[in-house]
>>> print(open('coords.tsv').read())   # TSV, N, CA and C atoms and all ligand atoms
chain	number	residue	atom	x	y	z
A	1	MET	N	191.44	37.00	171.40
A	1	MET	CA	191.27	38.44	171.18
A	1	MET	C	189.80	38.83	171.10
A	2	TYR	N	188.91	37.84	170.95
A	2	TYR	CA	187.48	38.14	170.99
A	2	TYR	C	186.90	37.60	172.30
A	3	GLY	N	185.61	37.81	172.50
A	3	GLY	CA	184.99	37.36	173.72
A	3	GLY	C	184.96	38.44	174.80
A	4	TYR	N	185.29	39.68	174.40
A	4	TYR	CA	185.26	40.78	175.36
A	4	TYR	C	183.89	41.45	175.36
A	5	LYS	N	183.68	42.31	176.35
A	5	LYS	CA	182.39	43.00	176.48
A	5	LYS	C	182.25	44.11	175.45
A	6	CYS	N	181.03	44.28	174.98
A	6	CYS	CA	180.72	45.35	174.04
A	6	CYS	C	180.86	46.70	174.73
A	7	GLU	N	181.33	47.70	173.96
A	7	GLU	CA	181.46	49.05	174.52
A	7	GLU	C	180.11	49.74	174.64
A	8	TYR	N	179.10	49.27	173.89
A	8	TYR	CA	177.85	50.01	173.80
A	8	TYR	C	176.70	49.36	174.55
A	9	CYS	N	176.85	48.10	174.94
A	9	CYS	CA	175.77	47.44	175.66
A	9	CYS	C	176.40	46.35	176.53
A	10	THR	N	175.58	45.46	177.08
A	10	THR	CA	176.10	44.43	177.97
A	10	THR	C	176.42	43.13	177.22
A	11	GLY	N	176.36	43.19	175.90
A	11	GLY	CA	176.61	42.00	175.10
A	11	GLY	C	178.09	41.63	175.05
A	12	THR	N	178.37	40.51	174.37
A	12	THR	CA	179.74	40.03	174.22
A	12	THR	C	180.11	40.02	172.74
A	13	VAL	N	181.36	40.37	172.47
A	13	VAL	CA	181.83	40.45	171.08
A	13	VAL	C	182.42	39.11	170.66
A	14	HIS	N	181.89	38.55	169.58
A	14	HIS	CA	182.37	37.27	169.06
A	14	HIS	C	182.92	37.45	167.65
A	15	PRO	N	183.89	36.63	167.25
A	15	PRO	CA	184.40	36.73	165.89
A	15	PRO	C	183.38	36.18	164.90
A	16	ARG	N	183.31	36.82	163.74
A	16	ARG	CA	182.42	36.33	162.69
A	16	ARG	C	183.10	36.60	161.35
A	17	VAL	N	183.07	35.63	160.45
A	17	VAL	CA	183.65	35.84	159.13
A	17	VAL	C	182.58	36.44	158.23
A	18	ILE	N	182.88	37.60	157.67
A	18	ILE	CA	181.93	38.32	156.83
A	18	ILE	C	182.37	38.19	155.37
A	19	ASP	N	181.41	37.84	154.49
A	19	ASP	CA	181.72	37.70	153.06
A	19	ASP	C	182.34	38.97	152.51
A	20	ARG	N	181.69	40.09	152.81
A	20	ARG	CA	182.13	41.37	152.29
A	20	ARG	C	181.79	42.46	153.28
A	21	GLU	N	182.80	43.16	153.73
A	21	GLU	CA	182.59	44.23	154.70
A	21	GLU	C	183.22	45.50	154.15
A	22	ALA	N	182.46	46.60	154.18
A	22	ALA	CA	182.96	47.88	153.69
A	22	ALA	C	183.56	48.67	154.84
A	23	PHE	N	184.75	49.19	154.61
A	23	PHE	CA	185.43	49.99	155.62
A	23	PHE	C	185.58	51.40	155.09
A	24	LYS	N	185.27	52.36	155.92
A	24	LYS	CA	185.44	53.75	155.54
A	24	LYS	C	186.91	54.11	155.76
A	25	HIS	N	187.43	54.88	154.83
A	25	HIS	CA	188.81	55.33	154.94
A	25	HIS	C	188.86	56.77	154.46
A	26	LYS	N	189.92	57.47	154.84
A	26	LYS	CA	190.07	58.87	154.43
A	26	LYS	C	189.79	59.08	152.95
A	27	SER	N	190.34	58.16	152.13
A	27	SER	CA	190.23	58.35	150.68
A	27	SER	C	189.05	57.61	150.09
A	28	GLY	N	188.09	57.19	150.89
A	28	GLY	CA	186.91	56.52	150.37
A	28	GLY	C	186.61	55.24	151.12
A	29	PHE	N	186.21	54.22	150.37
A	29	PHE	CA	185.86	52.95	150.99
A	29	PHE	C	186.75	51.84	150.47
A	30	VAL	N	186.98	50.88	151.34
A	30	VAL	CA	187.68	49.66	150.94
A	30	VAL	C	186.78	48.51	151.37
A	31	ILE	N	186.60	47.54	150.49
A	31	ILE	CA	185.80	46.37	150.83
A	31	ILE	C	186.73	45.17	150.97
A	32	LEU	N	186.67	44.50	152.10
A	32	LEU	CA	187.46	43.29	152.30
A	32	LEU	C	186.53	42.09	152.23
A	33	GLU	N	187.01	41.02	151.58
A	33	GLU	CA	186.22	39.80	151.48
A	33	GLU	C	186.73	38.78	152.48
A	34	ASN	N	185.82	37.95	152.99
A	34	ASN	CA	186.16	36.89	153.95
A	34	ASN	C	186.99	37.43	155.11
A	35	VAL	N	186.50	38.50	155.69
A	35	VAL	CA	187.24	39.15	156.76
A	35	VAL	C	186.62	38.77	158.11
A	36	THR	N	187.47	38.49	159.08
A	36	THR	CA	186.98	38.18	160.42
A	36	THR	C	186.86	39.48	161.21
A	37	VAL	N	185.65	39.77	161.66
A	37	VAL	CA	185.43	40.97	162.47
A	37	VAL	C	184.77	40.53	163.78
A	38	GLY	N	184.86	41.40	164.78
A	38	GLY	CA	184.16	41.15	166.02
A	38	GLY	C	182.75	41.71	165.91
A	39	VAL	N	181.75	40.92	166.30
A	39	VAL	CA	180.37	41.38	166.25
A	39	VAL	C	179.73	41.15	167.62
A	40	CYS	N	179.11	42.19	168.15
A	40	CYS	CA	178.41	42.06	169.43
A	40	CYS	C	177.20	41.16	169.25
A	41	ASP	N	177.01	40.21	170.16
A	41	ASP	CA	175.88	39.27	170.02
A	41	ASP	C	174.54	39.90	170.40
A	42	THR	N	174.57	41.11	170.93
A	42	THR	CA	173.33	41.75	171.34
A	42	THR	C	172.95	42.93	170.44
A	43	CYS	N	173.88	43.86	170.21
A	43	CYS	CA	173.52	45.06	169.45
A	43	CYS	C	174.14	45.09	168.05
A	44	ASP	N	174.90	44.04	167.68
A	44	ASP	CA	175.47	43.95	166.33
A	44	ASP	C	176.55	44.98	166.02
A	45	SER	N	177.06	45.66	167.04
A	45	SER	CA	178.17	46.59	166.79
A	45	SER	C	179.36	45.82	166.24
A	46	ARG	N	180.07	46.46	165.31
A	46	ARG	CA	181.23	45.82	164.70
A	46	ARG	C	182.52	46.31	165.37
A	47	TYR	N	183.44	45.39	165.52
A	47	TYR	CA	184.76	45.73	166.05
A	47	TYR	C	185.81	45.19	165.08
A	48	TYR	N	186.76	46.05	164.74
A	48	TYR	CA	187.77	45.64	163.77
A	48	TYR	C	189.12	45.54	164.45
A	49	SER	N	189.85	44.49	164.14
A	49	SER	CA	191.16	44.30	164.74
A	49	SER	C	192.17	45.22	164.07
A	50	ALA	N	193.28	45.46	164.74
A	50	ALA	CA	194.34	46.31	164.20
A	50	ALA	C	194.85	45.76	162.88
A	51	GLU	N	194.93	44.43	162.76
A	51	GLU	CA	195.43	43.82	161.51
A	51	GLU	C	194.51	44.16	160.34
A	52	VAL	N	193.20	44.04	160.59
A	52	VAL	CA	192.24	44.32	159.53
A	52	VAL	C	192.34	45.78	159.11
A	53	LEU	N	192.42	46.68	160.09
A	53	LEU	CA	192.51	48.10	159.78
A	53	LEU	C	193.82	48.41	159.04
A	54	HIS	N	194.84	47.64	159.34
A	54	HIS	CA	196.11	47.80	158.65
A	54	HIS	C	195.97	47.42	157.17
A	55	VAL	N	195.27	46.33	156.91
A	55	VAL	CA	195.04	45.91	155.52
A	55	VAL	C	194.21	46.97	154.80
A	56	VAL	N	193.18	47.49	155.46
A	56	VAL	CA	192.35	48.54	154.88
A	56	VAL	C	193.22	49.74	154.49
A	57	HIS	N	194.10	50.12	155.39
A	57	HIS	CA	194.99	51.25	155.13
A	57	HIS	C	195.90	50.96	153.94
A	58	ASP	N	196.46	49.75	153.90
A	58	ASP	CA	197.39	49.40	152.82
A	58	ASP	C	196.70	49.37	151.46
A	59	VAL	N	195.46	48.88	151.44
A	59	VAL	CA	194.73	48.85	150.18
A	59	VAL	C	194.34	50.27	149.77
A	60	ALA	N	193.89	51.07	150.75
A	60	ALA	CA	193.44	52.43	150.46
A	60	ALA	C	194.59	53.30	149.95
A	61	THR	N	195.79	53.04	150.43
A	61	THR	CA	196.93	53.86	150.03
A	61	THR	C	197.71	53.25	148.86
A	62	GLY	N	197.26	52.09	148.38
A	62	GLY	CA	197.88	51.48	147.22
A	62	GLY	C	199.08	50.60	147.55
A	63	LEU	N	199.41	50.45	148.82
A	63	LEU	CA	200.54	49.58	149.21
A	63	LEU	C	200.24	48.12	148.88
A	64	LYS	N	198.97	47.75	149.10
A	64	LYS	CA	198.55	46.38	148.78
A	64	LYS	C	197.58	46.49	147.61
A	65	PRO	N	197.86	45.80	146.50
A	65	PRO	CA	196.98	45.93	145.35
A	65	PRO	C	195.60	45.33	145.61
A	66	ALA	N	194.57	46.02	145.13
A	66	ALA	CA	193.21	45.49	145.24
A	66	ALA	C	193.04	44.40	144.20
A	67	GLN	N	192.21	43.40	144.52
A	67	GLN	CA	191.98	42.31	143.57
A	67	GLN	C	191.05	42.76	142.45
A	68	TRP	N	190.06	43.54	142.83
A	68	TRP	CA	189.18	44.11	141.83
A	68	TRP	C	188.53	45.34	142.44
A	69	THR	N	187.97	46.19	141.59
A	69	THR	CA	187.38	47.44	142.07
A	69	THR	C	185.89	47.41	141.80
A	70	ALA	N	185.09	47.67	142.83
A	70	ALA	CA	183.64	47.64	142.70
A	70	ALA	C	183.12	49.04	142.43
A	71	LEU	N	182.07	49.12	141.67
A	71	LEU	CA	181.38	50.39	141.48
A	71	LEU	C	180.34	50.53	142.58
A	72	VAL	N	180.38	51.62	143.30
A	72	VAL	CA	179.46	51.82	144.41
A	72	VAL	C	178.43	52.88	144.02
A	73	PRO	N	177.14	52.58	144.06
A	73	PRO	CA	176.13	53.56	143.73
A	73	PRO	C	176.11	54.69	144.75
A	74	VAL	N	175.97	55.89	144.25
A	74	VAL	CA	175.91	57.08	145.12
A	74	VAL	C	174.63	57.82	144.80
A	75	ALA	N	173.90	58.26	145.85
A	75	ALA	CA	172.66	59.00	145.62
A	75	ALA	C	172.48	60.07	146.69
A	76	GLN	N	171.69	61.07	146.36
A	76	GLN	CA	171.32	62.09	147.35
A	76	GLN	C	170.29	61.47	148.30
A	77	ALA	N	170.35	61.89	149.56
A	77	ALA	CA	169.47	61.28	150.56
A	77	ALA	C	168.03	61.80	150.43
A	78	VAL	N	167.83	62.93	149.79
A	78	VAL	CA	166.48	63.50	149.73
A	78	VAL	C	165.92	63.36	148.33
A	101	ZN	ZN	176.66	45.50	172.01
>>> encode(input="coords.tsv", output="structure tokens")
Amino acid sequence: MYGYKCEYCTGTVHPRVIDREAFKHKSGFVILENVTVGVCDTCDSRYYSAEVLHVVHDVATGLKPAQWTALVPVAQAV
């Protein structure tokens, strides 16, 4: 499922296991640990599989319980 061409450049997307990756969701953010994502070897664009996005959705909607909840710092950009 990996090894395809990047949508944004001429690079190739390879699987990489990320310790902690934050996913944006309608109701905020979900962080998955030890998640395999596709990463372009040239421009570093991230690609998420349908399964990963499914887990993000389930955690965000409470279907799958979160293991722990992180406090995320929020600040004004200016
Ligand atoms: Zn790329």
>>> closest_residue(input="coords.tsv", among="A:Arg16, A:Lys64, A:Arg46, A:His25", to="ligand ZN 101 (chain A)", atoms="only C-alpha atoms and all ligand atoms")
A:Arg46
>>> atom_distance(input="coords.tsv", atom1="CA of Val35 (chain A)", atom2="CA of Val52 (chain A)")
7.7 Å
>>> residues_near_ligand(input="coords.tsv", ligand="ligand ZN 101 (chain A)", cutoff="7 Å", atoms="all atoms listed in the file", output="PyMOL selection string")
chain A and resi 5-13+39-45
>>> atom_distance(input="coords.tsv", atom1="CA of Met1 (chain A)", atom2="atom C of Gln67 (chain A)")
29.1 Å
>>> residues_around(input="coords.tsv", residues="region 57-60 of chain A", least_positions_apart="2", cutoff="12 Å", atoms="only C-alpha atoms", output="list of chain:residue names")
A:Ala22, A:Phe23, A:Lys24, A:His25, A:Lys26, A:Ser27, A:Gly28, A:Phe29, A:Val30, A:Ile31, A:Leu32, A:Ala50, A:Glu51, A:Val52, A:Leu53, A:His54, A:Val55, A:Gly62, A:Leu63, A:Lys64, A:Pro65, A:Ala66, A:Gln67, A:Trp68, A:Thr69
>>> atom_distance(input="coords.tsv", atom1="CA of Val72 (chain A)", atom2="CA of Tyr47 (chain A)")
23.1 Å
>>> select_by_dssp(input="coords.tsv", residues="chain A", states="strand (DSSP E)", output="PyMOL selection string")
chain A and resi 13-25+28-40+46-47
>>> select_by_dssp(input="coords.tsv", residues="chain A", states="helix (DSSP H, G or I)", output="PyMOL selection string")
chain A and resi 50-60
>>> residues_around(input="coords.tsv", residues="Ile18 (chain A)", least_positions_apart="5", cutoff="6 Å", atoms="all atoms listed in the file", output="VMD selection string")
chain A and resid 33 to 37
